[in-house]
Amino acid sequence: MNLLIGDRMNCEICGKDLKGSGVKIIVEGTELTVCPACKKYGSEKVSTASQSGAKRVVIKKKKPSTDIEFKDELVDNYNQIIRQEREKRGWSQEQLAKKIQEKESLIKKIENAEITPDPEVVAKLEKLFGIKLKESVPVVKLEKKSSMTPTLGDIVVVKKKEK
Ligand SMILES: [Zn+2]
């Protein structure tokens with residue numbers, strides 16, 4: 001027989017109906033869901049995510065084997081492409097800057113590859129010129145394994161040229 005319990009849960013110490021307000025505590029290493037009154041019998045379980053105000057999003061895949069994921073990266077010659085596209089249209093850096101509502105100095109720096117443009121700026125340029133400035137790059141993550149060559153870094157970026 002299958003019992004569907006749903007939201008109904010009882011305090012694991014006194015047995016009272018929790019009505020969805022259970023508190024997770026640790027009693028001698030065991031996690032128990034209890035009512036607020038029984039909270040005092042153990043130490044409250046604090047989730048590390050909500051603890052600090054400054055949230056850091058760390059995405060970590062728990063896979064023991066080699067992992068390949070694709071990441072969008074700016075193409076190497078993004079600055080040349082932007083300059084080319086701009087000059088093709090006969091625009092000055094100032095004009096381009098105005099079209100994407102950025103500063104002329106930013107365009108200058110981007111075209112000189114002094115800075116890497118923000119994803120937001122990249123998106124605006126891609127849209128304006130109708131081009132792609134990003135490429136999908138496979139990132140091979142090698143977990144530290146004794147069977148592998150220890151000199152290999154943790155992350156090896158394999159650049160794939162599509163064209
Ligand atoms: Zn209780």
# chains A, B, ... in the order shown; residues from 1 in each chain; ligands from 1
$ residues_around --residues "range 29-35 of chain A" --least-positions-apart "3" --cutoff "7 Å" --atoms "only C-alpha atoms" --output "list in words"
Cys11, Glu12, Ile13, Leu18, Ser21, Gly22, Val23, Lys24, Ile25, Ile26, Cys38 and Lys39 of chain A
$ write_last_selection --atoms "N, CA, C and O atoms" --output "PDB file, in the first residue's frame"
ATOM      1  N   CYS A  11       6.553  16.192  14.324  1.00  0.00           N
ATOM      2  CA  CYS A  11       7.813  16.433  15.010  1.00  0.00           C
ATOM      3  C   CYS A  11       8.421  15.089  15.389  1.00  0.00           C
ATOM      4  O   CYS A  11       7.747  14.220  15.923  1.00  0.00           O
ATOM      5  N   GLU A  12       9.666  14.947  15.077  1.00  0.00           N
ATOM      6  CA  GLU A  12      10.307  13.662  15.325  1.00  0.00           C
ATOM      7  C   GLU A  12      10.700  13.470  16.791  1.00  0.00           C
ATOM      8  O   GLU A  12      11.239  12.444  17.162  1.00  0.00           O
ATOM      9  N   ILE A  13      10.426  14.457  17.602  1.00  0.00           N
ATOM     10  CA  ILE A  13      10.702  14.290  19.032  1.00  0.00           C
ATOM     11  C   ILE A  13       9.401  14.127  19.816  1.00  0.00           C
ATOM     12  O   ILE A  13       9.191  13.131  20.496  1.00  0.00           O
ATOM     13  N   LEU A  18       3.483  19.186  12.480  1.00  0.00           N
ATOM     14  CA  LEU A  18       4.316  20.362  12.204  1.00  0.00           C
ATOM     15  C   LEU A  18       3.604  21.405  11.357  1.00  0.00           C
ATOM     16  O   LEU A  18       3.991  22.572  11.353  1.00  0.00           O
ATOM     17  N   SER A  21       5.754  23.770   9.433  1.00  0.00           N
ATOM     18  CA  SER A  21       6.711  24.681  10.054  1.00  0.00           C
ATOM     19  C   SER A  21       7.815  23.931  10.788  1.00  0.00           C
ATOM     20  O   SER A  21       8.252  24.334  11.845  1.00  0.00           O
ATOM     21  N   GLY A  22       8.228  22.827  10.224  1.00  0.00           N
ATOM     22  CA  GLY A  22       9.274  22.031  10.861  1.00  0.00           C
ATOM     23  C   GLY A  22      10.622  22.705  10.841  1.00  0.00           C
ATOM     24  O   GLY A  22      10.928  23.482   9.945  1.00  0.00           O
ATOM     25  N   VAL A  23      11.411  22.431  11.834  1.00  0.00           N
ATOM     26  CA  VAL A  23      12.750  22.984  11.920  1.00  0.00           C
ATOM     27  C   VAL A  23      13.724  21.808  11.863  1.00  0.00           C
ATOM     28  O   VAL A  23      13.518  20.798  12.514  1.00  0.00           O
ATOM     29  N   LYS A  24      14.746  21.983  11.060  1.00  0.00           N
ATOM     30  CA  LYS A  24      15.724  20.902  10.969  1.00  0.00           C
ATOM     31  C   LYS A  24      16.818  21.119  11.994  1.00  0.00           C
ATOM     32  O   LYS A  24      17.426  22.171  12.053  1.00  0.00           O
ATOM     33  N   ILE A  25      17.026  20.128  12.808  1.00  0.00           N
ATOM     34  CA  ILE A  25      18.091  20.242  13.793  1.00  0.00           C
ATOM     35  C   ILE A  25      18.976  19.001  13.725  1.00  0.00           C
ATOM     36  O   ILE A  25      18.604  17.991  13.136  1.00  0.00           O
ATOM     37  N   ILE A  26      20.109  19.121  14.337  1.00  0.00           N
ATOM     38  CA  ILE A  26      21.027  17.991  14.382  1.00  0.00           C
ATOM     39  C   ILE A  26      21.119  17.519  15.834  1.00  0.00           C
ATOM     40  O   ILE A  26      21.468  18.293  16.730  1.00  0.00           O
ATOM     41  N   CYS A  38      10.702  21.890  20.153  1.00  0.00           N
ATOM     42  CA  CYS A  38      11.726  20.866  20.382  1.00  0.00           C
ATOM     43  C   CYS A  38      13.087  21.237  19.796  1.00  0.00           C
ATOM     44  O   CYS A  38      14.038  20.477  19.897  1.00  0.00           O
ATOM     45  N   LYS A  39      13.116  22.411  19.193  1.00  0.00           N
ATOM     46  CA  LYS A  39      14.338  22.897  18.569  1.00  0.00           C
ATOM     47  C   LYS A  39      15.510  22.886  19.539  1.00  0.00           C
ATOM     48  O   LYS A  39      16.647  22.610  19.177  1.00  0.00           O
TER      49      LYS A  39
END
$ residues_around --residues "Leu125 in chain A" --least-positions-apart "2" --cutoff "10 Å" --atoms "only C-alpha atoms" --output "mmCIF file with C-alpha atoms, in the first residue's frame"
data_model
loop_
_atom_site.group_PDB
_atom_site.id
_atom_site.type_symbol
_atom_site.label_atom_id
_atom_site.label_comp_id
_atom_site.auth_asym_id
_atom_site.auth_seq_id
_atom_site.Cartn_x
_atom_site.Cartn_y
_atom_site.Cartn_z
ATOM 1 C CA ILE A 82 34.410 45.152 -34.195
ATOM 2 C CA GLU A 85 32.420 46.023 -38.902
ATOM 3 C CA ARG A 86 32.489 49.624 -37.778
ATOM 4 C CA LEU A 96 29.396 53.463 -32.802
ATOM 5 C CA ALA A 97 29.478 54.375 -29.145
ATOM 6 C CA LYS A 99 24.516 53.590 -31.328
ATOM 7 C CA ILE A 100 25.029 51.218 -28.442
ATOM 8 C CA PRO A 117 33.827 44.070 -23.081
ATOM 9 C CA PRO A 119 28.663 40.471 -21.963
ATOM 10 C CA GLU A 120 26.034 43.179 -22.176
ATOM 11 C CA VAL A 121 28.175 45.278 -24.509
ATOM 12 C CA VAL A 122 29.100 42.221 -26.538
ATOM 13 C CA ALA A 123 25.425 41.415 -26.965
ATOM 14 C CA LYS A 127 22.931 42.660 -32.410
ATOM 15 C CA LEU A 128 23.996 45.891 -34.069
ATOM 16 C CA PHE A 129 26.344 44.270 -36.540
ATOM 17 C CA GLY A 130 24.437 41.029 -36.897
ATOM 18 C CA ILE A 131 27.523 39.015 -36.129
ATOM 19 C CA LYS A 132 28.735 36.537 -33.555
ATOM 20 C CA LEU A 133 31.519 37.581 -31.245
#
$ select_by_dssp --residues "range 98-141 of chain A" --states "alpha helix (DSSP H)" --output "list in words"
Lys98, Lys99, Glu104, Ser105, Leu106, Ile107, Lys108, Lys109, Ile110, Glu111, Pro119, Glu120, Val121, Val122, Ala123, Lys124, Leu125, Glu126, Lys127, Leu128 and Phe129 of chain A
$ write_last_selection --atoms "C-alpha atoms" --output "mmCIF file, in the first residue's frame"
data_model
loop_
_atom_site.group_PDB
_atom_site.id
_atom_site.type_symbol
_atom_site.label_atom_id
_atom_site.label_comp_id
_atom_site.auth_asym_id
_atom_site.auth_seq_id
_atom_site.Cartn_x
_atom_site.Cartn_y
_atom_site.Cartn_z
ATOM 1 C CA LYS A 98 26.302 56.401 -29.548
ATOM 2 C CA LYS A 99 24.516 53.590 -31.328
ATOM 3 C CA GLU A 104 33.637 56.469 -27.041
ATOM 4 C CA SER A 105 36.525 55.645 -24.761
ATOM 5 C CA LEU A 106 35.047 52.212 -24.207
ATOM 6 C CA ILE A 107 34.934 51.512 -27.936
ATOM 7 C CA LYS A 108 38.522 52.658 -28.188
ATOM 8 C CA LYS A 109 39.611 50.318 -25.464
ATOM 9 C CA ILE A 110 37.657 47.427 -26.903
ATOM 10 C CA GLU A 111 39.120 47.909 -30.349
ATOM 11 C CA PRO A 119 28.663 40.471 -21.963
ATOM 12 C CA GLU A 120 26.034 43.179 -22.176
ATOM 13 C CA VAL A 121 28.175 45.278 -24.509
ATOM 14 C CA VAL A 122 29.100 42.221 -26.538
ATOM 15 C CA ALA A 123 25.425 41.415 -26.965
ATOM 16 C CA LYS A 124 24.705 44.944 -28.148
ATOM 17 C CA LEU A 125 27.521 44.822 -30.687
ATOM 18 C CA GLU A 126 26.447 41.411 -31.932
ATOM 19 C CA LYS A 127 22.931 42.660 -32.410
ATOM 20 C CA LEU A 128 23.996 45.891 -34.069
ATOM 21 C CA PHE A 129 26.344 44.270 -36.540
#
$ atom_distance --atom1 "CA of Val137 in chain A" --atom2 "CA of Glu102 in chain A"
27.8 Å
$ atom_distance --atom1 "CA of Glu135 in chain A" --atom2 "CA of Lys71 in chain A"
8.0 Å
$ closest_residue --among "A:Ala37, A:Lys88, A:Glu28, A:Lys19" --to "ligand 1" --atoms "only C-alpha atoms and all ligand atoms"
A:Ala37
$ atom_distance --atom1 "CA of Ser43 in chain A" --atom2 "CA of Val27 in chain A"
6.7 Å
$ closest_residue --among "A:Phe70, A:Trp91, A:Tyr78, A:Tyr41" --to "ligand 1" --atoms "only C-alpha atoms and all ligand atoms"
A:Tyr41
